[in-house]
Amino acid sequence: MRAGFAAFMATLQVPAGARSSVTALGDRRALLVEAERNSRPGAILYFHGGSYVMGSPETAMALTASLVVRTGMRAVSLDYRLAPEFPFPHAIEDGVSAYRELLDQGVEPRSIALAGDSAGGGLCVSTCLQARSEGLPLPAAIVTFSAGLDATRSGDSMESKNGVDPFFTRESLRASGALYLGGADPHQELLSPAVLADLTGFPPLLLQVGANELLLDDSTRLAKRARDAGVDVILDVTANAPHVFQGYAGQLEEADQALDRAALFLKQHVVSGEAGADSKNSKP
C-alpha cells in the first residue's frame, strides 16, 4: 500500500521555484521546503495525507511546494509516525511536539500556520485541539485540503457520495480508519472533531473540499461547529472535484485556483514577523 501510494503521488507535478532539504522537528524527520525567490517570514507546518497509514513529506511535495511558491513562506513537512505500527494518538503527539519546538525556537504563534491534506488535514485540527489542552498558544491559521475529520464516518456524504467518489468507498475508509484507531473509541474530539470538538478560541480556518467526496461532510460539519463557536471560517467547496484535487496543480485549473485562494488566506492571516530568534539562524 505504501509503495503504491508513493508511486501514485510521484506522478503529481512539483512546481519550480522551491528547494527542499532534510531536517528534524520534534524529534521527527522532516522536509524543509523554501522558496528560491520572493521569500517572506512565516512558517507552514505541513502534515501529509495517506489515511495515517501511508505517505511521507516526499509524497506531499507537490502540495507543499505549491503553497511555498505561492506564499514565499517556508514550510516544514513532518514525517509523523504511521499506523498500524503507531496508531492513535502517536501522530497527534508528533504534531504537537513539532509545533512546540517551533515555538521553543522563538517563532511566534502568529507567524505559524498549520496545513495538511486528507488525514493531514485532520491532524491539523487535532494537533490544534491538543496544543490548546496543553496550554500552548494557538497558531495564526489552519488550512485543510479534503480533511478527514470524523472517525465515526457518520456524515451524510458517506452515503450520498458513495459510488461518486473516484478514490474511496465506505468500506475502504473504514478499513484504513480501523488501522489508525487501533481499537480506540472514535467518539472523541481528537478523532472526530467534526462532530465532537469544541472549537472555541480556534484560529481562522480555511476548509477546502471537493463536492464529489465521501469526506465532504467532514468539512461542512466542522465549518458549522466553527461558526457556532464564533471562529472565522471559510468553507471552500469546488464542484465536481475529487479528493485532494489541489494536487493536480499545473494540470487542473480548479486546483491552481484553489491553491491561489489558500495562499491568499495564509498571507492574510500569518503575520510577517518572528520574535525571540533570528529566523535566519533558527532551525529548521
# chains A, B, ... in the order shown; residues from 1 in each chain; ligands from 1
call {"tool": "closest_atom_pairs", "arguments": {"of": "stretch 140-249 of chain A", "to": "stretch 85-88 of chain A", "cutoff": "8 Å", "atoms": "only C-alpha atoms", "output": "tab-separated table"}}
result
residue	atom	partner	partner_atom	distance
A:Leu179	CA	A:Pro87	CA	6.9
A:Tyr180	CA	A:Pro87	CA	4.7
A:Leu181	CA	A:Phe88	CA	5.6
A:Gly182	CA	A:Pro87	CA	5.6
A:Ala184	CA	A:Phe88	CA	7.5
call {"tool": "closest_atom_pairs", "arguments": {"of": "stretch 108-157 of chain A", "to": "stretch 219-233 of chain A", "cutoff": "9 Å", "atoms": "only C-alpha atoms", "output": "CSV"}}
result
residue,atom,partner,partner_atom,distance
A:Thr144,CA,A:Ser219,CA,8.8
A:Ser146,CA,A:Ser219,CA,7.3
A:Ala147,CA,A:Ser219,CA,6.7
A:Gly148,CA,A:Ser219,CA,8.0
A:Leu149,CA,A:Ser219,CA,7.1
A:Gly155,CA,A:Arg221,CA,8.3
call {"tool": "select_by_dssp", "arguments": {"residues": "stretch 200-276 of chain A", "states": "alpha helix (DSSP H)", "output": "PyMOL selection string"}}
result
chain A and resi 216-228+253-269
call {"tool": "closest_residue", "arguments": {"among": "A:Val270, A:Val195, A:Leu25, A:Val237", "to": "A:Glu254", "atoms": "only C-alpha atoms"}}
result
A:Val237
call {"tool": "closest_residue", "arguments": {"among": "A:Arg100, A:Ala30, A:Phe168, A:Met61", "to": "A:Thr11", "atoms": "only C-alpha atoms"}}
result
A:Met61
call {"tool": "closest_atom_pairs", "arguments": {"of": "stretch 120-196 of chain A", "to": "stretch 38-47 of chain A", "cutoff": "12 Å", "atoms": "only C-alpha atoms", "output": "tab-separated table"}}
result
residue	atom	partner	partner_atom	distance
A:Gly120	CA	A:Phe47	CA	4.4
A:Gly121	CA	A:Phe47	CA	6.9
A:Gly122	CA	A:Phe47	CA	9.0
A:Leu123	CA	A:Phe47	CA	6.9
A:Cys124	CA	A:Phe47	CA	7.1
A:Val125	CA	A:Phe47	CA	10.7
A:Ser126	CA	A:Phe47	CA	11.4
A:Thr127	CA	A:Phe47	CA	10.2
A:Cys128	CA	A:Leu45	CA	11.6
A:Pro139	CA	A:Leu45	CA	9.8
A:Ala140	CA	A:Gly42	CA	9.9
A:Ala141	CA	A:Ile44	CA	9.5
A:Ile142	CA	A:Ile44	CA	9.3
A:Val143	CA	A:Tyr46	CA	9.5
A:Thr144	CA	A:Phe47	CA	9.6
A:Phe145	CA	A:Phe47	CA	10.6
A:Ala147	CA	A:Phe47	CA	10.8
call {"tool": "write_last_selection", "arguments": {"atoms": "C-alpha atoms", "output": "PDB file, in the first residue's frame"}}
result
ATOM      1  CA  GLY A 120      -3.026  15.509   7.437  1.00  0.00           C
ATOM      2  CA  GLY A 121      -5.879  17.987   7.365  1.00  0.00           C
ATOM      3  CA  GLY A 122      -7.491  16.161  10.243  1.00  0.00           C
ATOM      4  CA  LEU A 123      -4.140  16.156  12.024  1.00  0.00           C
ATOM      5  CA  CYS A 124      -4.035  19.960  11.754  1.00  0.00           C
ATOM      6  CA  VAL A 125      -7.263  20.240  13.726  1.00  0.00           C
ATOM      7  CA  SER A 126      -6.405  17.513  16.247  1.00  0.00           C
ATOM      8  CA  THR A 127      -2.942  18.982  16.812  1.00  0.00           C
ATOM      9  CA  CYS A 128      -4.507  22.358  17.493  1.00  0.00           C
ATOM     10  CA  PRO A 139      -1.235  29.202  15.508  1.00  0.00           C
ATOM     11  CA  ALA A 140      -2.326  32.013  13.222  1.00  0.00           C
ATOM     12  CA  ALA A 141      -4.395  29.912  10.834  1.00  0.00           C
ATOM     13  CA  ILE A 142      -5.299  26.427   9.637  1.00  0.00           C
ATOM     14  CA  VAL A 143      -5.706  25.317   6.005  1.00  0.00           C
ATOM     15  CA  THR A 144      -7.051  21.868   5.134  1.00  0.00           C
ATOM     16  CA  PHE A 145      -7.472  20.083   1.826  1.00  0.00           C
ATOM     17  CA  ALA A 147      -9.603  16.768   5.603  1.00  0.00           C
TER      18      ALA A 147
END
call {"tool": "residues_around", "arguments": {"residues": "A:Gly55", "least_positions_apart": "5", "cutoff": "8 Å", "atoms": "only C-alpha atoms", "output": "number ranges by chain"}}
result
A: 2, 5-6, 48-50, 60
call {"tool": "select_by_dssp", "arguments": {"residues": "stretch 119-221 of chain A", "states": "strand (DSSP E or B)", "output": "list in words"}}
result
Ala141, Ile142, Val143, Thr144, Phe145, Leu205, Leu206, Leu207, Gln208, Val209 and Gly210 of chain A
call {"tool": "closest_residue", "arguments": {"among": "A:Arg153, A:Val76, A:Ala3, A:Ser176", "to": "A:Glu101", "atoms": "only C-alpha atoms"}}
result
A:Val76
call {"tool": "closest_residue", "arguments": {"among": "A:Ala197, A:Val271, A:Ala263, A:Leu207", "to": "A:Val244", "atoms": "only C-alpha atoms"}}
result
A:Leu207
call {"tool": "atom_distance", "arguments": {"atom1": "atom CA of A:Pro84", "atom2": "atom CA of A:Leu215"}}
result
21.6 Å
call {"tool": "residues_around", "arguments": {"residues": "A:Glu34", "least_positions_apart": "5", "cutoff": "7 Å", "atoms": "only C-alpha atoms", "output": "list of chain:residue names"}}
result
A:Ala18, A:Arg19, A:Ser20, A:Val68, A:Met73, A:Arg74, A:Ala75
call {"tool": "write_last_selection", "arguments": {"atoms": "C-alpha atoms", "output": "tab-separated table (two decimals), in the first residue's frame"}}
result
chain	number	residue	atom	x	y	z
A	18	ALA	CA	11.13	25.64	-4.36
A	19	ARG	CA	14.06	23.77	-2.82
A	20	SER	CA	13.95	21.14	-0.11
A	68	VAL	CA	5.62	27.74	-0.58
A	73	MET	CA	6.82	31.25	3.38
A	74	ARG	CA	8.92	28.27	4.33
A	75	ALA	CA	7.19	25.00	5.11
call {"tool": "atom_distance", "arguments": {"atom1": "atom CA of A:Phe167", "atom2": "atom CA of A:Asn212"}}
result
10.0 Å
